[in-house]
file target26.pdb (PDB, C-alpha atoms)
ATOM      1  CA  MET A   1      99.836  94.474 126.231
ATOM      2  CA  GLU A   2     103.213  94.219 124.484
ATOM      3  CA  GLN A   3     101.461  94.083 121.117
ATOM      4  CA  VAL A   4      99.419  97.186 121.919
ATOM      5  CA  LEU A   5     102.502  99.084 123.070
ATOM      6  CA  SER A   6     104.411  98.117 119.944
ATOM      7  CA  MET A   7     101.537  99.358 117.782
ATOM      8  CA  LEU A   8     101.342 102.654 119.652
ATOM      9  CA  ALA A   9     105.090 103.152 119.414
ATOM     10  CA  ALA A  10     105.058 102.332 115.711
ATOM     11  CA  ALA A  11     102.130 104.690 115.134
ATOM     12  CA  ALA A  12     103.972 107.495 116.908
ATOM     13  CA  VAL A  13     107.180 106.935 114.948
ATOM     14  CA  GLY A  14     105.286 106.685 111.677
ATOM     15  CA  THR A  15     103.287 109.832 112.330
ATOM     16  CA  VAL A  16     106.376 111.875 113.168
ATOM     17  CA  ALA A  17     108.233 110.563 110.106
ATOM     18  CA  GLY A  18     105.164 111.202 107.973
ATOM     19  CA  GLU A  19     104.919 114.783 109.180
ATOM     20  CA  LEU A  20     108.563 115.364 108.258
ATOM     21  CA  THR A  21     107.963 114.024 104.764
ATOM     22  CA  ARG A  22     104.760 116.078 104.479
ATOM     23  CA  ARG A  23     106.713 119.246 105.195
ATOM     24  CA  GLN A  24     109.147 118.291 102.458
ATOM     25  CA  LEU A  25     106.251 117.682 100.081
ATOM     26  CA  ILE A  26     104.905 121.183 100.649
ATOM     27  CA  THR A  27     108.060 122.642  99.085
ATOM     28  CA  LEU A  28     107.157 120.910  95.774
ATOM     29  CA  ARG A  29     110.856 120.311  95.126
ATOM     30  CA  TYR A  30     110.033 116.960  93.586
ATOM     31  CA  ARG A  31     108.397 118.721  90.642
ATOM     32  CA  ARG A  32     110.254 119.074  87.384
ATOM     33  CA  ALA A  33     110.425 122.380  85.523
ATOM     34  CA  GLN A  34     107.489 121.499  83.281
ATOM     35  CA  GLU A  35     105.386 120.518  86.305
ATOM     36  CA  ARG A  36     105.762 123.739  88.299
ATOM     37  CA  GLU A  37     102.742 125.426  86.734
ATOM     38  CA  ARG A  38     100.377 122.803  88.088
ATOM     39  CA  THR A  39      97.959 123.760  90.854
ATOM     40  CA  ALA A  40      99.412 123.093  94.297
ATOM     41  CA  PRO A  41      97.831 119.939  95.793
ATOM     42  CA  GLY A  42      97.288 121.415  99.273
ATOM     43  CA  ARG A  43      98.627 120.573 102.718
ATOM     44  CA  ARG A  44      98.143 116.782 102.411
ATOM     45  CA  LEU A  45      97.513 116.234 106.104
ATOM     46  CA  TRP A  46      96.713 112.611 105.338
ATOM     47  CA  VAL A  47     100.401 111.779 104.790
ATOM     48  CA  PRO A  48     101.471 111.535 108.489
ATOM     49  CA  VAL A  49      98.233 109.705 109.314
ATOM     50  CA  ALA A  50      98.890 107.176 106.545
ATOM     51  CA  ALA A  51     102.492 106.646 107.644
ATOM     52  CA  GLY A  52     101.426 106.123 111.262
ATOM     53  CA  VAL A  53      98.692 103.663 110.337
ATOM     54  CA  ALA A  54     100.959 101.761 107.923
ATOM     55  CA  LEU A  55     103.737 101.256 110.460
ATOM     56  CA  ALA A  56     101.263 100.376 113.217
ATOM     57  CA  LEU A  57      99.631  97.703 111.053
ATOM     58  CA  LEU A  58     102.994  96.209 110.153
ATOM     59  CA  ALA A  59     103.981  96.171 113.825
ATOM     60  CA  ALA A  60     100.736  94.437 114.736
ATOM     61  CA  ALA A  61     101.288  91.807 112.053
ATOM     62  CA  LEU A  62     105.028  91.197 112.340
ATOM     63  CA  TRP A  63     106.205  92.130 115.853
ATOM     64  CA  PRO A  64     107.752  90.342 117.676
ATOM     65  CA  THR A  65     107.646  86.972 115.887
ATOM     66  CA  GLN A  66     108.838  88.419 112.559
ATOM     67  CA  GLY A  67     110.688  91.473 113.786
ATOM     68  CA  ALA A  68     113.336  91.220 111.082
ATOM     69  CA  MET A  69     110.646  91.457 108.416
ATOM     70  CA  LEU A  70     109.332  94.602 110.095
ATOM     71  CA  VAL A  71     112.771  96.184 109.891
ATOM     72  CA  ALA A  72     112.972  95.276 106.207
ATOM     73  CA  LEU A  73     109.541  96.678 105.318
ATOM     74  CA  ALA A  74     109.372  99.697 107.650
ATOM     75  CA  PRO A  75     111.139 102.125 105.243
ATOM     76  CA  LEU A  76     108.551 101.415 102.544
ATOM     77  CA  ALA A  77     105.734 101.902 105.055
ATOM     78  CA  LEU A  78     107.192 105.255 106.106
ATOM     79  CA  LEU A  79     108.002 106.557 102.623
ATOM     80  CA  GLY A  80     105.054 104.965 100.848
ATOM     81  CA  PRO A  81     102.734 107.913 101.620
ATOM     82  CA  TRP A  82     105.348 110.311 100.223
ATOM     83  CA  LEU A  83     105.512 108.274  97.020
ATOM     84  CA  ALA A  84     101.719 108.103  96.833
ATOM     85  CA  ALA A  85     101.405 111.874  97.285
ATOM     86  CA  VAL A  86     103.904 112.578  94.513
ATOM     87  CA  ASP A  87     102.272 110.071  92.181
ATOM     88  CA  LEU A  88      98.843 111.584  92.802
ATOM     89  CA  ASP A  89     100.237 115.025  92.021
ATOM     90  CA  VAL A  90     102.446 114.433  88.970
ATOM     91  CA  GLN A  91     101.881 110.757  88.054
ATOM     92  CA  ARG A  92     105.504 109.940  88.722
ATOM     93  CA  LEU A  93     107.461 107.873  91.260
ATOM     94  CA  PRO A  94     110.876 109.513  91.816
ATOM     95  CA  ASP A  95     113.971 107.329  91.515
ATOM     96  CA  LYS A  96     115.629 109.129  94.441
ATOM     97  CA  ILE A  97     113.228 107.270  96.736
ATOM     98  CA  ILE A  98     112.611 104.050  94.794
ATOM     99  CA  TYR A  99     116.267 103.091  94.304
ATOM    100  CA  PRO A 100     117.332 103.520  97.959
ATOM    101  CA  LEU A 101     114.318 101.484  99.022
ATOM    102  CA  LEU A 102     115.267  98.745  96.559
ATOM    103  CA  GLY A 103     118.825  98.788  97.874
ATOM    104  CA  TRP A 104     117.702  98.604 101.486
ATOM    105  CA  GLN A 105     115.299  95.769 100.813
ATOM    106  CA  ALA A 106     117.912  93.748  98.909
ATOM    107  CA  PHE A 107     120.372  94.264 101.775
ATOM    108  CA  ALA A 108     117.709  93.294 104.330
ATOM    109  CA  VAL A 109     116.840  90.121 102.408
ATOM    110  CA  ILE A 110     120.478  89.011 102.407
ATOM    111  CA  MET A 111     120.986  89.817 106.098
ATOM    112  CA  ILE A 112     117.765  88.126 107.232
ATOM    113  CA  SER A 113     118.502  85.057 105.144
ATOM    114  CA  LEU A 114     121.998  84.768 106.630
ATOM    115  CA  ALA A 115     120.840  85.460 110.190
ATOM    116  CA  THR A 116     118.034  82.895 110.049
ATOM    117  CA  GLY A 117     119.913  80.338 107.974
ATOM    118  CA  ASP A 118     116.992  80.327 105.543
ATOM    119  CA  PRO A 119     118.248  80.635 101.950
ATOM    120  CA  ALA A 120     114.745  79.879 100.687
ATOM    121  CA  LEU A 121     113.653  83.299 101.940
ATOM    122  CA  ALA A 122     116.242  85.025  99.768
ATOM    123  CA  TRP A 123     115.374  82.971  96.701
ATOM    124  CA  ARG A 124     111.672  83.618  97.247
ATOM    125  CA  ALA A 125     112.273  87.371  97.551
ATOM    126  CA  VAL A 126     114.441  87.464  94.415
ATOM    127  CA  ALA A 127     111.939  85.371  92.460
ATOM    128  CA  GLY A 128     109.028  87.507  93.636
ATOM    129  CA  GLY A 129     110.812  90.697  92.663
ATOM    130  CA  LEU A 130     111.706  89.329  89.229
ATOM    131  CA  ILE A 131     108.205  88.011  88.579
ATOM    132  CA  ALA A 132     106.737  91.389  89.474
ATOM    133  CA  PHE A 133     109.316  93.277  87.421
ATOM    134  CA  ILE A 134     108.787  91.146  84.315
ATOM    135  CA  GLY A 135     105.000  91.244  84.632
ATOM    136  CA  PHE A 136     104.859  95.008  85.086
ATOM    137  CA  GLU A 137     107.428  95.604  82.367
ATOM    138  CA  LEU A 138     105.243  93.676  79.934
ATOM    139  CA  LEU A 139     102.266  95.798  80.972
ATOM    140  CA  HIS A 140     104.407  98.916  80.553
ATOM    141  CA  LEU A 141     105.312  97.904  77.006
ATOM    142  CA  CYS A 142     101.832  96.729  76.039
ATOM    143  CA  SER A 143     100.216  99.896  77.386
ATOM    144  CA  ARG A 144     102.769 102.051  75.527
ATOM    145  CA  GLY A 145     103.736 103.856  78.693
ATOM    146  CA  ALA A 146     100.275 104.284  80.217
ATOM    147  CA  LEU A 147     101.675 102.159  83.025
ATOM    148  CA  GLY A 148     104.805 104.136  83.841
ATOM    149  CA  PHE A 149     108.249 102.676  84.388
ATOM    150  CA  GLY A 150     108.115 104.019  87.933
ATOM    151  CA  ASP A 151     105.254 101.602  88.543
ATOM    152  CA  VAL A 152     107.430  98.807  87.158
ATOM    153  CA  LYS A 153     110.159  99.598  89.702
ATOM    154  CA  LEU A 154     107.648  99.976  92.519
ATOM    155  CA  GLY A 155     106.126  96.654  91.500
ATOM    156  CA  ALA A 156     109.526  94.971  91.776
ATOM    157  CA  LEU A 157     110.059  96.566  95.190
ATOM    158  CA  ILE A 158     106.680  95.399  96.463
ATOM    159  CA  GLY A 159     107.165  91.988  94.865
ATOM    160  CA  MET A 160     110.403  91.481  96.729
ATOM    161  CA  GLY A 161     108.970  92.662 100.041
ATOM    162  CA  ALA A 162     105.678  90.773  99.838
ATOM    163  CA  SER A 163     107.276  87.503  98.768
ATOM    164  CA  MET A 164     109.564  87.690 101.801
ATOM    165  CA  ILE A 165     106.408  87.096 103.816
ATOM    166  CA  SER A 166     104.766  84.506 101.558
ATOM    167  CA  TRP A 167     103.645  83.771  98.028
ATOM    168  CA  ALA A 168     100.094  84.473  99.175
ATOM    169  CA  ALA A 169     101.091  88.004 100.179
ATOM    170  CA  LEU A 170     102.632  88.536  96.739
ATOM    171  CA  TRP A 171      99.529  87.269  94.957
ATOM    172  CA  TRP A 172      97.050  89.322  96.971
ATOM    173  CA  ALA A 173      99.170  92.472  96.858
ATOM    174  CA  PHE A 174      98.996  92.654  93.083
ATOM    175  CA  MET A 175      95.526  91.178  92.721
ATOM    176  CA  ILE A 176      93.913  93.707  95.082
ATOM    177  CA  GLY A 177      95.918  96.615  93.690
ATOM    178  CA  SER A 178      95.288  95.827  90.042
ATOM    179  CA  VAL A 179      91.556  95.120  90.401
ATOM    180  CA  SER A 180      90.980  98.194  92.587
ATOM    181  CA  ALA A 181      92.880 100.467  90.201
ATOM    182  CA  LEU A 182      91.024  99.045  87.192
ATOM    183  CA  ILE A 183      87.627  99.613  88.809
ATOM    184  CA  TRP A 184      88.622 103.167  89.773
ATOM    185  CA  ALA A 185      89.846 103.891  86.240
ATOM    186  CA  LEU A 186      86.618 102.587  84.714
ATOM    187  CA  ILE A 187      84.464 104.646  87.057
ATOM    188  CA  LYS A 188      86.440 107.888  87.131
ATOM    189  CA  LYS A 189      87.873 107.719  83.603
ATOM    190  CA  PRO A 190      90.913 109.886  84.383
ATOM    191  CA  ALA A 191      91.974 112.376  81.723
ATOM    192  CA  GLY A 192      95.174 111.737  79.794
ATOM    193  CA  ASP A 193      97.116 108.567  79.166
ATOM    194  CA  GLN A 194      98.392 108.052  82.714
ATOM    195  CA  PHE A 195      96.937 107.791  86.187
ATOM    196  CA  ALA A 196      98.438 107.245  89.622
ATOM    197  CA  PHE A 197      98.776 103.476  90.031
ATOM    198  CA  GLY A 198     101.365 103.731  92.825
ATOM    199  CA  PRO A 199      98.917 104.483  95.682
ATOM    200  CA  TRP A 200      96.813 101.453  94.787
ATOM    201  CA  LEU A 201      99.867  99.201  94.798
ATOM    202  CA  LEU A 202     101.088 100.566  98.131
ATOM    203  CA  VAL A 203      97.752 100.220  99.926
ATOM    204  CA  SER A 204      97.099  96.730  98.564
ATOM    205  CA  ALA A 205     100.618  95.597  99.499
ATOM    206  CA  LEU A 206     100.116  96.798 103.081
ATOM    207  CA  ALA A 207      96.755  95.038 103.263
ATOM    208  CA  ALA A 208      98.099  91.786 101.791
ATOM    209  CA  VAL A 209     101.184  91.648 104.037
ATOM    210  CA  THR A 210      99.157  92.465 107.150
ATOM    211  CA  VAL A 211      96.358  89.995 106.532
ATOM    212  CA  THR A 212      98.512  87.072 105.361
ATOM    213  CA  SER A 213     100.923  87.541 108.282
ATOM    214  CA  VAL A 214      98.119  87.484 110.846
ATOM    215  CA  ALA A 215      96.196  84.626 109.224
TER     216      ALA A 215
END
call {"tool": "encode", "arguments": {"input": "target26.pdb", "output": "structure tokens"}}
result
Amino acid sequence: MEQVLSMLAAAAVGTVAGELTRRQLITLRYRRAQERERTAPGRRLWVPVAAGVALALLAAALWPTQGAMLVALAPLALLGPWLAAVDLDVQRLPDKIIYPLLGWQAFAVIMISLATGDPALAWRAVAGGLIAFIGFELLHLCSRGALGFGDVKLGALIGMGASMISWAALWWAFMIGSVSALIWALIKKPAGDQFAFGPWLLVSALAAVTVTSVA
């Protein structure tokens, strides 16, 4: 019963937070001057639903045994749909969201490591973030920008968060995201040099963290 209540509470919080971010998205203030002529992407009613589901899944996987991990990852679950919506619209992941999330996650890693007396957790998170950053940066350079630098920063953020849980979560987060995005790109053949990789990374990270935490 406690698990069900925690999921319902998390779903409610996530949905409300997602609706607030959806209303901010509608203003299109995230668009740059050269992007303002694009067709408006619509109401994006899926954003609050995605935020509610994401936080509920994390609560189911991490609460109460790994409550500290839930606190560390909750901001990404709540703001992930906002990032995905922006990336789908303009193929960009704004720094004004990525950098605060990176700062929060780094702070959370330090605090959790100190509180639990588990320095290995901090080293694993740092190593996971660096591995992801280096790997995505190499892809960014080799693809000549087709993989944007925003994806590199998001990859580092997800790498840090997933490796807090386990190395398996880190592996599956990037394996699922990369394979799914590649298949989609081959089937849809998006126009231009760039496509929205962020949503694939975010969904696969949520799936990997949830499944590996429950298993």
call {"tool": "residues_around", "arguments": {"input": "target26.pdb", "residues": "Leu79 in chain A", "least_positions_apart": "6", "cutoff": "8 Å", "atoms": "all atoms listed in the file", "output": "list in words"}}
result
Gly18, Thr21, Ala51 and Ile97 of chain A
call {"tool": "atom_distance", "arguments": {"input": "target26.pdb", "atom1": "CA of Gly52 in chain A", "atom2": "CA of Val13 in chain A"}}
result
6.9 Å
call {"tool": "residues_near_point", "arguments": {"input": "target26.pdb", "point": "(101.2, 94.2, 109.5)", "cutoff": "8 Å", "atoms": "all atoms listed in the file", "output": "MDAnalysis selection string"}}
result
chainID A and resid 54:62 206:207 209:211 213:214
call {"tool": "residues_around", "arguments": {"input": "target26.pdb", "residues": "Asp87 in chain A", "least_positions_apart": "6", "cutoff": "9 Å", "atoms": "only C-alpha atoms", "output": "mmCIF file with C-alpha atoms, in the coordinates of the input"}}
result
data_model
loop_
_atom_site.group_PDB
_atom_site.id
_atom_site.type_symbol
_atom_site.label_atom_id
_atom_site.label_comp_id
_atom_site.auth_asym_id
_atom_site.auth_seq_id
_atom_site.Cartn_x
_atom_site.Cartn_y
_atom_site.Cartn_z
ATOM 1 C CA LEU A 93 107.461 107.873 91.260
ATOM 2 C CA PRO A 94 110.876 109.513 91.816
ATOM 3 C CA PHE A 195 96.937 107.791 86.187
ATOM 4 C CA ALA A 196 98.438 107.245 89.622
ATOM 5 C CA PHE A 197 98.776 103.476 90.031
ATOM 6 C CA GLY A 198 101.365 103.731 92.825
ATOM 7 C CA PRO A 199 98.917 104.483 95.682
#
call {"tool": "resolve_selection", "arguments": {"input": "target26.pdb", "expression": "the PyMOL selection byres ((chain A and resi 170) around 10)", "output": "PyMOL selection string"}}
result
chain A and resi 125+128-129+131-132+158-169+171-175+205+208-209+212
call {"tool": "residues_near_point", "arguments": {"input": "target26.pdb", "point": "(108.8, 102.5, 85.8)", "cutoff": "9 Å", "atoms": "all atoms listed in the file", "output": "mmCIF file with C-alpha atoms, in the coordinates of the input"}}
result
data_model
loop_
_atom_site.group_PDB
_atom_site.id
_atom_site.type_symbol
_atom_site.label_atom_id
_atom_site.label_comp_id
_atom_site.auth_asym_id
_atom_site.auth_seq_id
_atom_site.Cartn_x
_atom_site.Cartn_y
_atom_site.Cartn_z
ATOM 1 C CA ARG A 92 105.504 109.940 88.722
ATOM 2 C CA LEU A 93 107.461 107.873 91.260
ATOM 3 C CA PHE A 136 104.859 95.008 85.086
ATOM 4 C CA GLU A 137 107.428 95.604 82.367
ATOM 5 C CA HIS A 140 104.407 98.916 80.553
ATOM 6 C CA GLY A 145 103.736 103.856 78.693
ATOM 7 C CA LEU A 147 101.675 102.159 83.025
ATOM 8 C CA GLY A 148 104.805 104.136 83.841
ATOM 9 C CA PHE A 149 108.249 102.676 84.388
ATOM 10 C CA GLY A 150 108.115 104.019 87.933
ATOM 11 C CA ASP A 151 105.254 101.602 88.543
ATOM 12 C CA VAL A 152 107.430 98.807 87.158
ATOM 13 C CA LYS A 153 110.159 99.598 89.702
ATOM 14 C CA LEU A 154 107.648 99.976 92.519
ATOM 15 C CA GLY A 155 106.126 96.654 91.500
#
